[in-house]
file upload-v4.cif (mmCIF, C-alpha atoms)
data_protein
#
loop_
_atom_site.label_atom_id
_atom_site.label_comp_id
_atom_site.auth_asym_id
_atom_site.auth_seq_id
_atom_site.Cartn_x
_atom_site.Cartn_y
_atom_site.Cartn_z
CA MET A 1 -4.52 6.85 14.92
CA PHE A 2 -1.64 7.56 12.55
CA ARG A 3 0.55 4.53 11.88
CA LEU A 4 3.81 6.35 11.23
CA SER A 5 6.00 3.26 10.85
CA HIS A 6 3.50 1.60 8.51
CA TYR A 7 3.55 4.52 6.09
CA MET A 8 7.33 4.79 6.31
CA ASN A 9 7.62 1.15 5.30
CA LEU A 10 5.51 1.92 2.22
CA ILE A 11 8.31 4.23 1.06
CA ARG A 12 10.76 1.33 0.99
CA HIS A 13 8.26 -1.36 0.02
CA PRO A 14 5.36 0.17 -1.99
CA LYS A 15 2.05 -1.68 -2.03
CA PRO A 16 -1.25 -1.13 -3.85
CA VAL A 17 -3.72 1.14 -2.11
CA ARG A 18 -6.56 -0.71 -0.36
CA ARG A 19 -9.83 1.17 -0.72
CA ARG A 20 -12.70 0.75 1.70
CA LYS A 21 -15.67 -1.10 0.27
CA GLY A 22 -19.10 -0.64 1.77
CA PRO A 23 -19.92 0.72 5.24
CA VAL A 24 -17.01 0.92 7.66
CA LYS A 25 -17.31 -1.18 10.81
CA PRO A 26 -15.70 0.60 13.76
CA VAL A 27 -12.96 -0.42 16.10
CA VAL A 28 -14.76 -0.34 19.45
CA ILE A 29 -13.00 1.09 22.49
CA TRP A 30 -14.94 -0.21 25.47
CA ASN A 31 -14.37 1.48 28.81
CA LEU A 32 -15.39 -1.39 31.06
CA THR A 33 -15.20 0.61 34.30
CA ARG A 34 -14.27 4.03 35.67
CA ARG A 35 -12.60 2.44 38.66
CA CYS A 36 -8.82 2.90 38.68
CA ASN A 37 -6.05 2.63 41.24
CA LEU A 38 -4.31 5.72 39.80
CA ARG A 39 -5.38 9.35 39.41
CA CYS A 40 -3.75 10.58 36.21
CA ARG A 41 -3.66 14.29 35.47
CA HIS A 42 -4.78 13.78 31.85
CA CYS A 43 -7.42 11.08 32.45
CA TYR A 44 -10.26 11.56 29.96
CA THR A 45 -12.73 9.53 32.08
CA THR A 46 -12.00 11.26 35.44
CA SER A 47 -11.53 7.86 37.05
CA ALA A 48 -10.81 7.11 40.72
CA ASP A 49 -10.48 4.14 43.06
CA VAL A 50 -14.16 3.99 44.04
CA GLU A 51 -17.25 2.12 42.88
CA PHE A 52 -19.21 4.13 40.30
CA PRO A 53 -22.98 3.54 40.08
CA GLY A 54 -24.78 2.46 36.95
CA GLU A 55 -22.00 0.50 35.26
CA LEU A 56 -23.04 -2.42 33.07
CA THR A 57 -23.77 -5.64 34.90
CA HIS A 58 -22.03 -8.84 33.87
CA GLU A 59 -25.13 -10.02 32.01
CA GLN A 60 -25.50 -6.71 30.19
CA ALA A 61 -21.81 -6.69 29.25
CA MET A 62 -21.97 -10.21 27.82
CA GLY A 63 -25.05 -9.23 25.82
CA VAL A 64 -23.18 -6.25 24.37
CA LEU A 65 -20.32 -8.53 23.44
CA GLU A 66 -22.59 -10.92 21.56
CA ASP A 67 -24.04 -8.01 19.59
CA LEU A 68 -20.55 -6.74 18.73
CA GLY A 69 -19.66 -10.20 17.47
CA ARG A 70 -22.74 -10.44 15.26
CA PHE A 71 -21.97 -6.95 13.96
CA HIS A 72 -18.48 -8.16 12.97
CA ILE A 73 -16.47 -5.29 14.40
CA PRO A 74 -12.81 -5.54 13.29
CA ALA A 75 -11.26 -4.98 16.72
CA LEU A 76 -12.14 -4.56 20.38
CA ILE A 77 -10.02 -2.53 22.81
CA LEU A 78 -10.84 -3.11 26.48
CA SER A 79 -10.04 -0.04 28.54
CA GLY A 80 -11.09 1.83 31.67
CA GLY A 81 -10.47 3.38 34.18
CA GLU A 82 -8.33 0.35 34.76
CA PRO A 83 -9.92 -2.68 33.04
CA LEU A 84 -8.21 -5.10 35.44
CA ALA A 85 -10.36 -3.56 38.18
CA ARG A 86 -13.40 -5.18 36.58
CA ARG A 87 -13.91 -8.65 38.05
CA ASP A 88 -15.23 -10.23 34.86
CA LEU A 89 -12.56 -8.78 32.55
CA PHE A 90 -11.10 -12.15 31.62
CA GLU A 91 -14.52 -13.70 31.02
CA ILE A 92 -15.38 -10.84 28.64
CA ALA A 93 -11.99 -11.04 26.96
CA GLY A 94 -12.11 -14.83 26.67
CA ARG A 95 -15.48 -14.73 24.94
CA ALA A 96 -14.21 -12.04 22.56
CA ARG A 97 -11.30 -14.33 21.62
CA GLN A 98 -13.73 -17.19 21.00
CA MET A 99 -15.59 -14.93 18.58
CA GLY A 100 -12.39 -14.25 16.64
CA MET A 101 -12.09 -10.54 17.37
CA TYR A 102 -8.74 -8.75 17.32
CA LEU A 103 -8.41 -8.05 21.02
CA ALA A 104 -6.35 -5.39 22.80
CA LEU A 105 -6.01 -4.33 26.41
CA SER A 106 -5.34 -0.71 27.41
CA THR A 107 -4.02 -0.66 30.98
CA ASN A 108 -1.81 1.22 33.39
CA GLY A 109 0.09 -2.04 33.82
CA THR A 110 0.48 -1.80 37.58
CA GLY A 111 -1.66 -4.89 38.20
CA ILE A 112 -0.05 -7.21 35.66
CA VAL A 113 1.81 -9.40 38.10
CA GLY A 114 1.69 -13.05 39.08
CA GLU A 115 -1.62 -14.75 38.35
CA ALA A 116 -3.00 -11.66 36.59
CA ALA A 117 -0.03 -11.69 34.19
CA ASP A 118 -0.59 -15.40 33.57
CA ARG A 119 -4.24 -14.78 32.75
CA VAL A 120 -3.39 -11.94 30.37
CA ALA A 121 -1.13 -14.34 28.48
CA GLU A 122 -3.59 -17.25 28.60
CA THR A 123 -6.44 -15.09 27.29
CA GLY A 124 -4.49 -14.43 24.11
CA PHE A 125 -4.66 -10.65 23.82
CA ASP A 126 -3.26 -9.59 20.46
CA TYR A 127 -1.77 -6.50 22.06
CA VAL A 128 -1.39 -4.95 25.51
CA GLY A 129 -0.80 -1.19 25.70
CA ILE A 130 0.73 0.01 28.98
CA SER A 131 0.73 3.72 29.80
CA ILE A 132 3.89 5.43 31.03
CA ASP A 133 4.17 9.22 31.10
CA GLY A 134 7.73 9.79 32.21
CA ILE A 135 10.69 8.14 33.86
CA GLY A 136 10.48 7.34 37.57
CA ALA A 137 9.17 10.18 39.73
CA ARG A 138 7.91 12.16 36.70
CA ASN A 139 5.57 9.32 35.76
CA ASP A 140 4.48 8.94 39.38
CA TRP A 141 3.60 12.65 39.58
CA PHE A 142 1.52 12.38 36.40
CA ARG A 143 -0.20 9.23 37.57
CA GLY A 144 -0.82 10.28 41.14
CA LYS A 145 0.87 7.36 42.86
CA GLU A 146 4.38 6.84 44.15
CA GLY A 147 5.92 3.69 42.70
CA ALA A 148 3.58 3.60 39.68
CA PHE A 149 6.52 3.68 37.25
CA ASP A 150 8.21 0.62 38.76
CA LEU A 151 4.93 -1.28 38.85
CA ALA A 152 4.11 -0.44 35.22
CA LEU A 153 7.58 -1.44 34.08
CA ALA A 154 7.17 -4.74 35.94
CA GLY A 155 3.92 -5.22 34.01
CA VAL A 156 5.72 -4.59 30.72
CA ARG A 157 8.36 -7.16 31.60
CA ALA A 158 5.77 -9.70 32.76
CA CYS A 159 4.02 -9.47 29.38
CA LEU A 160 7.26 -9.80 27.45
CA GLU A 161 8.35 -12.80 29.53
CA ARG A 162 5.09 -14.53 28.57
CA GLY A 163 5.33 -13.74 24.87
CA VAL A 164 2.59 -11.10 24.86
CA LYS A 165 3.00 -8.25 22.37
CA VAL A 166 3.24 -5.11 24.45
CA GLY A 167 3.57 -1.41 23.70
CA LEU A 168 4.20 1.74 25.68
CA ARG A 169 1.60 4.50 25.59
CA PHE A 170 2.73 8.08 26.30
CA THR A 171 0.54 11.22 26.50
CA VAL A 172 2.69 14.24 25.71
CA THR A 173 2.24 17.54 27.55
CA GLY A 174 4.45 20.50 28.31
CA ASP A 175 5.45 18.83 31.57
CA ASN A 176 6.84 15.62 30.12
CA ALA A 177 7.82 16.25 26.48
CA ASP A 178 11.48 16.41 27.49
CA GLN A 179 11.20 12.81 28.70
CA LEU A 180 10.29 11.43 25.27
CA PRO A 181 13.84 10.49 24.17
CA GLU A 182 14.34 8.53 27.40
CA ILE A 183 10.97 6.81 27.05
CA LEU A 184 11.84 5.72 23.50
CA ASP A 185 15.21 4.46 24.68
CA LEU A 186 13.48 2.55 27.47
CA ALA A 187 11.06 0.92 25.04
CA GLU A 188 13.80 -0.27 22.71
CA ARG A 189 16.04 -1.38 25.56
CA GLU A 190 13.26 -3.49 27.10
CA GLY A 191 12.37 -5.09 23.76
CA VAL A 192 8.97 -3.41 23.53
CA GLN A 193 7.57 -3.80 20.01
CA LYS A 194 5.36 -0.72 19.78
CA PHE A 195 5.24 2.88 20.97
CA TYR A 196 2.09 4.99 20.92
CA LEU A 197 2.24 8.74 21.47
CA SER A 198 -1.03 10.49 22.27
CA HIS A 199 -1.38 14.23 21.90
CA LEU A 200 -3.43 15.70 24.76
CA VAL A 201 -7.18 15.79 24.18
CA TYR A 202 -9.32 18.25 26.12
CA ALA A 203 -11.61 15.78 27.89
CA GLY A 204 -12.06 14.76 31.53
CA ARG A 205 -9.09 15.85 33.65
CA GLY A 206 -7.28 16.35 30.34
CA ASN A 207 -9.63 19.26 29.69
CA LYS A 208 -9.04 20.74 33.15
CA ASN A 209 -5.28 20.44 32.61
CA ARG A 210 -5.18 21.60 29.02
CA GLY A 211 -2.89 24.44 30.05
CA GLU A 212 -0.25 21.69 30.19
CA ASP A 213 -0.67 20.86 26.49
CA ALA A 214 2.70 20.55 24.78
CA GLY A 215 2.29 23.64 22.63
CA LEU A 216 2.54 23.88 18.87
CA ALA A 217 6.33 24.18 18.57
CA ARG A 218 6.84 21.32 20.98
CA SER A 219 4.33 19.14 19.15
CA ARG A 220 6.32 19.66 15.97
CA ALA A 221 9.58 18.83 17.75
CA VAL A 222 8.02 15.67 19.17
CA MET A 223 7.01 14.56 15.69
CA ASP A 224 10.46 15.36 14.27
CA LEU A 225 11.99 13.07 16.88
CA LEU A 226 9.47 10.29 16.21
CA ILE A 227 10.09 10.55 12.48
CA ASP A 228 13.84 10.24 13.10
CA ARG A 229 13.37 7.18 15.30
CA ALA A 230 10.84 5.52 13.02
CA TRP A 231 13.02 6.00 9.94
CA SER A 232 16.05 4.55 11.72
CA ALA A 233 14.06 1.46 12.68
CA CYS A 234 12.68 1.20 9.15
CA VAL A 235 16.03 1.30 7.32
CA GLU A 236 17.64 -1.02 9.88
CA ASP A 237 14.70 -3.48 9.68
CA ARG A 238 14.18 -3.33 13.44
CA PRO A 239 10.71 -4.40 14.65
CA PHE A 240 9.85 -1.19 16.48
CA GLU A 241 6.51 0.34 15.48
CA ILE A 242 5.66 3.99 16.20
CA VAL A 243 2.07 5.22 16.16
CA THR A 244 0.56 8.57 17.10
CA GLY A 245 -2.95 9.58 18.03
CA ASN A 246 -5.23 12.57 18.50
CA ASN A 247 -3.46 14.95 16.13
CA ASP A 248 -3.93 13.98 12.50
CA ALA A 249 -1.73 16.88 11.39
CA ASP A 250 1.03 14.35 12.12
CA ALA A 251 0.24 12.64 8.81
CA VAL A 252 0.59 15.89 6.87
CA HIS A 253 3.87 16.68 8.62
CA PHE A 254 5.15 13.22 7.69
CA LEU A 255 4.09 13.65 4.05
CA ARG A 256 6.00 16.92 3.86
CA TRP A 257 9.05 15.16 5.33
CA ALA A 258 8.78 12.50 2.61
CA ALA A 259 8.40 15.12 -0.13
CA GLU A 260 11.76 16.63 0.80
CA ARG A 261 13.56 13.30 0.47
CA PHE A 262 11.99 10.99 -2.08
CA PRO A 263 10.92 11.06 -5.74
CA ASP A 264 7.56 12.53 -6.66
CA ALA A 265 6.18 9.13 -7.68
CA THR A 266 7.03 7.64 -4.29
CA VAL A 267 5.44 10.54 -2.43
CA ALA A 268 2.35 10.39 -4.64
CA GLY A 269 1.93 6.74 -3.71
CA VAL A 270 2.26 7.48 -0.02
CA ARG A 271 -0.25 10.31 -0.32
CA GLU A 272 -2.74 7.92 -1.96
CA HIS A 273 -2.41 5.59 0.99
CA LEU A 274 -2.88 8.46 3.45
CA GLU A 275 -5.98 9.69 1.62
CA ALA A 276 -7.41 6.16 1.63
CA TRP A 277 -6.91 6.17 5.41
CA GLY A 278 -8.58 9.58 5.66
CA GLY A 279 -7.38 10.90 9.01
CA ASN A 280 -9.69 11.49 11.95
CA SER A 281 -12.11 8.61 12.29
CA SER A 282 -14.42 9.68 15.11
CA GLY A 283 -17.88 8.33 14.39
CA VAL A 284 -16.63 6.42 11.36
CA GLY A 285 -13.89 3.88 12.03
CA VAL A 286 -13.84 4.22 15.82
CA ALA A 287 -16.60 4.07 18.43
CA ASN A 288 -16.78 4.13 22.20
CA ILE A 289 -18.93 2.38 24.78
CA ASP A 290 -18.55 3.92 28.23
CA PRO A 291 -18.88 2.06 31.58
CA GLN A 292 -22.60 2.86 31.84
CA GLY A 293 -23.26 1.59 28.32
CA LYS A 294 -23.57 4.96 26.60
CA VAL A 295 -22.25 5.05 23.03
CA HIS A 296 -20.09 7.95 21.80
CA PRO A 297 -18.35 8.87 18.52
CA ASP A 298 -15.03 8.18 20.25
CA THR A 299 -13.65 8.03 23.79
CA TYR A 300 -13.32 11.81 24.14
CA TRP A 301 -16.90 12.70 23.14
CA SER A 302 -18.35 11.86 26.56
CA ASP A 303 -20.69 14.87 26.45
CA TYR A 304 -22.37 13.59 23.28
CA THR A 305 -24.31 10.34 23.52
CA ILE A 306 -25.73 8.43 20.56
CA GLY A 307 -27.76 6.15 22.81
CA SER A 308 -27.39 3.43 25.42
CA VAL A 309 -26.75 -0.28 24.91
CA LYS A 310 -29.02 -0.80 27.92
CA GLU A 311 -31.89 0.28 25.67
CA ARG A 312 -30.82 -0.61 22.10
CA PRO A 313 -28.05 -2.82 20.68
CA PHE A 314 -24.84 -1.08 19.68
CA SER A 315 -25.27 -2.28 16.10
CA GLU A 316 -28.62 -0.48 15.84
CA LEU A 317 -27.32 2.71 17.41
CA TRP A 318 -24.28 2.82 15.13
CA THR A 319 -26.29 2.28 11.94
CA GLY A 320 -29.17 4.54 12.93
CA ASP A 321 -29.92 8.13 11.97
CA ASP A 322 -27.97 10.02 14.62
CA PRO A 323 -27.36 13.56 13.27
CA MET A 324 -23.85 13.99 14.68
CA LEU A 325 -22.70 10.65 13.26
CA ALA A 326 -24.08 11.72 9.89
CA GLU A 327 -22.04 14.93 10.00
CA LEU A 328 -18.86 13.19 11.16
CA ARG A 329 -19.19 10.75 8.26
CA ARG A 330 -19.51 13.46 5.64
CA ARG A 331 -16.53 13.86 3.32
CA PRO A 332 -15.46 16.55 3.25
CA ARG A 333 -16.68 17.47 6.70
CA PRO A 334 -18.30 20.91 7.22
CA LEU A 335 -15.09 22.40 8.60
CA LYS A 336 -14.48 26.07 9.31
CA GLY A 337 -11.50 28.38 9.74
CA ARG A 338 -8.06 27.05 8.84
CA CYS A 339 -9.36 23.48 8.80
CA GLY A 340 -12.01 24.42 6.25
CA LEU A 341 -9.40 26.01 3.97
CA CYS A 342 -6.73 23.34 4.42
CA ALA A 343 -5.43 21.59 1.30
CA TYR A 344 -4.95 18.36 3.24
CA GLN A 345 -8.50 17.68 4.44
CA GLY A 346 -8.45 14.40 2.55
CA ILE A 347 -5.52 13.22 4.69
CA CYS A 348 -6.25 14.82 8.05
CA GLY A 349 -10.05 14.64 8.05
CA GLY A 350 -10.24 17.85 10.08
CA ASN A 351 -8.16 16.56 12.98
CA THR A 352 -9.65 16.15 16.47
CA ARG A 353 -13.09 17.74 16.55
CA ILE A 354 -13.54 17.52 20.31
CA ARG A 355 -10.72 20.04 20.88
CA ALA A 356 -12.48 22.53 18.64
CA LEU A 357 -15.72 21.89 20.50
CA GLN A 358 -14.14 22.38 23.93
CA ILE A 359 -12.45 25.65 22.94
CA THR A 360 -15.15 27.27 20.79
CA GLY A 361 -18.39 25.40 21.40
CA ASP A 362 -18.45 24.54 17.69
CA PRO A 363 -17.35 21.02 16.65
CA TRP A 364 -16.53 22.27 13.13
CA ALA A 365 -14.22 25.14 14.09
CA GLU A 366 -10.50 24.80 13.42
CA ASP A 367 -8.53 22.45 15.67
CA PRO A 368 -6.37 24.66 17.93
CA ALA A 369 -3.70 21.94 18.18
CA CYS A 370 -2.72 21.93 14.49
CA TYR A 371 0.96 22.90 14.57
CA LEU A 372 1.35 23.48 10.81
CA ASP A 373 1.42 27.07 9.56
CA ASP A 374 -0.77 28.52 6.80
CA ASN A 375 1.85 28.01 4.10
CA GLU A 376 2.30 24.39 5.09
CA ILE A 377 -1.39 23.60 4.75
CA GLY A 378 -1.70 25.52 1.49
CA ILE A 379 -3.84 28.50 2.47
CA ALA A 380 -1.35 31.36 2.12
CA GLY A 381 -0.89 31.41 -1.64
CA GLU A 382 -1.40 34.43 -3.87
CA GLY A 383 -4.26 34.41 -6.35
CA GLY A 384 -5.42 31.00 -5.22
CA ARG A 385 -2.06 29.34 -5.94
CA LEU A 386 -0.92 27.11 -3.11
CA THR A 387 2.56 27.78 -1.78
CA VAL A 388 4.46 25.36 0.39
CA THR A 389 7.33 26.23 2.70
CA PRO A 390 10.20 23.79 3.12
CA PHE A 391 9.93 21.06 5.74
CA ARG A 392 11.41 22.24 9.02
CA GLY A 393 12.85 19.04 10.38
CA ARG A 394 15.85 18.41 12.59
CA SER A 395 18.38 21.20 12.35
CA HIS A 396 20.04 20.89 15.73
CA ASP A 397 20.60 18.50 18.59
CA PRO A 398 17.25 16.82 19.46
CA ALA A 399 18.00 17.20 23.16
CA HIS A 400 17.40 20.95 22.85
CA ARG A 401 14.08 20.74 21.03
CA PHE A 402 11.82 20.32 24.00
CA HIS A 403 12.88 23.30 26.12
#
call {"tool": "encode", "arguments": {"input": "upload-v4.cif", "output": "structure tokens"}}
result
Amino acid sequence: MFRLSHYMNLIRHPKPVRRRKGPVKPVVIWNLTRRCNLRCRHCYTTSADVEFPGELTHEQAMGVLEDLGRFHIPALILSGGEPLARRDLFEIAGRARQMGMYLALSTNGTGIVGEAADRVAETGFDYVGISIDGIGARNDWFRGKEGAFDLALAGVRACLERGVKVGLRFTVTGDNADQLPEILDLAEREGVQKFYLSHLVYAGRGNKNRGEDAGLARSRAVMDLLIDRAWSACVEDRPFEIVTGNNDADAVHFLRWAAERFPDATVAGVREHLEAWGGNSSGVGVANIDPQGKVHPDTYWSDYTIGSVKERPFSELWTGDDPMLAELRRRPRPLKGRCGLCAYQGICGGNTRIRALQITGDPWAEDPACYLDDNEIGIAGEGGRLTVTPFRGRSHDPAHRFH
């Protein structure tokens, strides 16, 4: 996850770089269930509105939670399917709050009404992310249910009315990229505090529908627009946070934007912060527990299992000798192709490895979704000298950039 607004604020208000000390404890994304009332085209868990066998029992789930607490994970994100479809969601969430975890809920928002909205507020979630993938009928087509947009927007408003921090989550593809300006306008108009843009990852139905990926030029245009919006909010001191996920080339693109506009010393400081962050964190700073209790390097690595919490505690699995975790934690990683030659490995971390795996069968091949050209990542110089082309930011009306 690339915290665009955070790094923009460091341009205006520089701070010392915070280095990691000791082993990194992961943010855990816990898919509590595959059950979901929607059928989204890009769903990475291939969820549906049916009971799936083998999901963790209540007792098993509470045991996992106790282990996570003893392991002192920094944050817990409860997801699905649709997490509200799990009957003991609020009992799990309430115990997590008692243990002092940062607690987030990732939901489609359609069920956050009435008593459910009250319970979300009473539980004390630090953040609720609600997914919207277009305006009106476009969102409903993506999400496989007529009226889903209106229901999700009602969920957003219910959270805001109860003082819950809420954000919109948007997965960009070639079929909805043109809706991004309207989605951003909607977020700011409704008083939403955070916007998260996810680039498409080739997993679940997202893998089947990867022909709908936004394309390299469109991905760049999307980031140009987000940079424009984030900078406007930054200089106007408006509390609107923009974050992106699943394409760590976004951080390099942002750094190049900053290099065109600010003194070298400022950019050097920002680059230090980005290198301390380190880009893709699969198997390092992020982990996934799926509905059946299988542990993965992140939510998109469903085909690779480290082990099961039904057999061993998460803390043991995560600190064990799994060979893939060991490779993911190497710095630099054993990257190949353009990623292996890239001058920004220390920032990007090799981007999203699961896309390379899905396309080539090799998790260390270049990420096909990197939208930066060879010059921009420093691999087209003569005689080993790196050459950098100018930043290609906004040069025309943003409304034309997505067509």
call {"tool": "resolve_selection", "arguments": {"input": "upload-v4.cif", "expression": "the PyMOL selection byres ((chain A and resi 230-241) around 8)", "output": "VMD selection string"}}
result
chain A and resid 4 to 6 8 to 9 188 192 to 195 226 to 229 242 to 243
call {"tool": "closest_residue", "arguments": {"input": "upload-v4.cif", "among": "A:Leu317, A:Ala158, A:Val252, A:Leu68", "to": "Gly278 (chain A)", "atoms": "all atoms listed in the file"}}
result
A:Val252
call {"tool": "residues_near_point", "arguments": {"input": "upload-v4.cif", "point": "(-3.0, -3.3, 37.1)", "cutoff": "9 Å", "atoms": "all atoms listed in the file", "output": "JSON, numbers by chain"}}
result
{"A": [36, 37, 82, 83, 84, 85, 107, 108, 109, 110, 111, 112, 113, 116, 151, 152, 155]}
call {"tool": "resolve_selection", "arguments": {"input": "upload-v4.cif", "expression": "the PyMOL selection byres ((chain A and resi 28-33) around 10)", "output": "ChimeraX atom specification"}}
result
/A:25-27,34-36,45,47,51-52,55-56,61,68,73-86,88-89,92,104-106,285-293,295-299
call {"tool": "atom_distance", "arguments": {"input": "upload-v4.cif", "atom1": "CA of Arg333 (chain A)", "atom2": "CA of Gly283 (chain A)"}}
result
12.0 Å
call {"tool": "closest_residue", "arguments": {"input": "upload-v4.cif", "among": "A:Ala187, A:Leu216, A:Leu65, A:Ile306", "to": "Arg97 (chain A)", "atoms": "only C-alpha atoms"}}
result
A:Leu65
call {"tool": "residues_around", "arguments": {"input": "upload-v4.cif", "residues": "Lys145 (chain A)", "least_positions_apart": "5", "cutoff": "9 Å", "atoms": "only C-alpha atoms", "output": "PyMOL selection string"}}
result
chain A and resi 37-40+139-140
call {"tool": "resolve_selection", "arguments": {"input": "upload-v4.cif", "expression": "the PyMOL selection byres ((chain A and resi 272) around 12)", "output": "PDB file with C-alpha atoms, in the coordinates of the input"}}
result
ATOM      1  CA  TYR A   7       3.550   4.520   6.090  1.00  0.00           C
ATOM      2  CA  LEU A  10       5.510   1.920   2.220  1.00  0.00           C
ATOM      3  CA  PRO A  14       5.360   0.170  -1.990  1.00  0.00           C
ATOM      4  CA  LYS A  15       2.050  -1.680  -2.030  1.00  0.00           C
ATOM      5  CA  PRO A  16      -1.250  -1.130  -3.850  1.00  0.00           C
ATOM      6  CA  VAL A  17      -3.720   1.140  -2.110  1.00  0.00           C
ATOM      7  CA  ARG A  18      -6.560  -0.710  -0.360  1.00  0.00           C
ATOM      8  CA  ARG A  19      -9.830   1.170  -0.720  1.00  0.00           C
ATOM      9  CA  LEU A 255       4.090  13.650   4.050  1.00  0.00           C
ATOM     10  CA  ALA A 265       6.180   9.130  -7.680  1.00  0.00           C
ATOM     11  CA  THR A 266       7.030   7.640  -4.290  1.00  0.00           C
ATOM     12  CA  VAL A 267       5.440  10.540  -2.430  1.00  0.00           C
ATOM     13  CA  ALA A 268       2.350  10.390  -4.640  1.00  0.00           C
ATOM     14  CA  GLY A 269       1.930   6.740  -3.710  1.00  0.00           C
ATOM     15  CA  VAL A 270       2.260   7.480  -0.020  1.00  0.00           C
ATOM     16  CA  ARG A 271      -0.250  10.310  -0.320  1.00  0.00           C
ATOM     17  CA  HIS A 273      -2.410   5.590   0.990  1.00  0.00           C
ATOM     18  CA  LEU A 274      -2.880   8.460   3.450  1.00  0.00           C
ATOM     19  CA  GLU A 275      -5.980   9.690   1.620  1.00  0.00           C
ATOM     20  CA  ALA A 276      -7.410   6.160   1.630  1.00  0.00           C
ATOM     21  CA  TRP A 277      -6.910   6.170   5.410  1.00  0.00           C
ATOM     22  CA  GLY A 278      -8.580   9.580   5.660  1.00  0.00           C
ATOM     23  CA  TYR A 344      -4.950  18.360   3.240  1.00  0.00           C
ATOM     24  CA  GLY A 346      -8.450  14.400   2.550  1.00  0.00           C
ATOM     25  CA  ILE A 347      -5.520  13.220   4.690  1.00  0.00           C
TER      26      ILE A 347
END
call {"tool": "closest_atom_pairs", "arguments": {"input": "upload-v4.cif", "of": "region 177-279 of chain A", "to": "region 365-369 of chain A", "cutoff": "10 Å", "atoms": "only C-alpha atoms", "output": "Markdown table"}}
result
| residue | atom | partner | partner_atom | distance |
| --- | --- | --- | --- | --- |
| A:His199 | CA | A:Ala369 | CA | 8.9 |
| A:Leu200 | CA | A:Ala369 | CA | 9.1 |
| A:Val201 | CA | A:Ala369 | CA | 9.3 |
| A:Asp213 | CA | A:Ala369 | CA | 8.9 |
| A:Ala214 | CA | A:Ala369 | CA | 9.3 |
| A:Gly215 | CA | A:Ala369 | CA | 7.7 |
| A:Leu216 | CA | A:Ala369 | CA | 6.6 |
| A:Ser219 | CA | A:Ala369 | CA | 8.6 |
| A:Asn246 | CA | A:Ala369 | CA | 9.5 |
| A:Asn247 | CA | A:Ala369 | CA | 7.3 |
| A:Asp248 | CA | A:Ala369 | CA | 9.8 |
| A:Ala249 | CA | A:Ala369 | CA | 8.7 |
call {"tool": "write_last_selection", "arguments": {"input": "upload-v4.cif", "atoms": "C-alpha atoms", "output": "JSON list (two decimals), in the coordinates of the input"}}
result
[["chain", "number", "residue", "atom", "x", "y", "z"],
["A", 199, "HIS", "CA", -1.38, 14.23, 21.90],
["A", 200, "LEU", "CA", -3.43, 15.70, 24.76],
["A", 201, "VAL", "CA", -7.18, 15.79, 24.18],
["A", 213, "ASP", "CA", -0.67, 20.86, 26.49],
["A", 214, "ALA", "CA", 2.70, 20.55, 24.78],
["A", 215, "GLY", "CA", 2.29, 23.64, 22.63],
["A", 216, "LEU", "CA", 2.54, 23.88, 18.87],
["A", 219, "SER", "CA", 4.33, 19.14, 19.15],
["A", 246, "ASN", "CA", -5.23, 12.57, 18.50],
["A", 247, "ASN", "CA", -3.46, 14.95, 16.13],
["A", 248, "ASP", "CA", -3.93, 13.98, 12.50],
["A", 249, "ALA", "CA", -1.73, 16.88, 11.39]]
call {"tool": "build_atoms", "arguments": {"input": "upload-v4.cif", "residues": "region 186-192 of chain A", "atoms": "N, CA, C and O atoms", "output": "short mmCIF file (atom, residue, chain, number, x, y, z; two decimals), in the frame of the given file"}}
result
data_model
loop_
_atom_site.label_atom_id
_atom_site.label_comp_id
_atom_site.auth_asym_id
_atom_site.auth_seq_id
_atom_site.Cartn_x
_atom_site.Cartn_y
_atom_site.Cartn_z
N LEU A 186 13.96 3.59 26.57
CA LEU A 186 13.48 2.55 27.47
C LEU A 186 12.73 1.46 26.70
O LEU A 186 12.96 0.26 26.91
N ALA A 187 11.85 1.88 25.81
CA ALA A 187 11.06 0.92 25.04
C ALA A 187 11.96 -0.01 24.24
O ALA A 187 11.80 -1.24 24.26
N GLU A 188 12.93 0.56 23.54
CA GLU A 188 13.80 -0.27 22.71
C GLU A 188 14.71 -1.15 23.58
O GLU A 188 14.98 -2.30 23.23
N ARG A 189 15.16 -0.61 24.69
CA ARG A 189 16.04 -1.38 25.56
C ARG A 189 15.31 -2.58 26.18
O ARG A 189 15.91 -3.66 26.34
N GLU A 190 14.03 -2.41 26.48
CA GLU A 190 13.26 -3.49 27.10
C GLU A 190 12.73 -4.49 26.08
O GLU A 190 12.18 -5.52 26.46
N GLY A 191 12.89 -4.19 24.79
CA GLY A 191 12.37 -5.09 23.76
C GLY A 191 10.90 -4.90 23.47
O GLY A 191 10.23 -5.80 22.94
N VAL A 192 10.36 -3.73 23.82
CA VAL A 192 8.97 -3.41 23.53
C VAL A 192 8.81 -3.24 22.02
O VAL A 192 9.64 -2.61 21.35
#
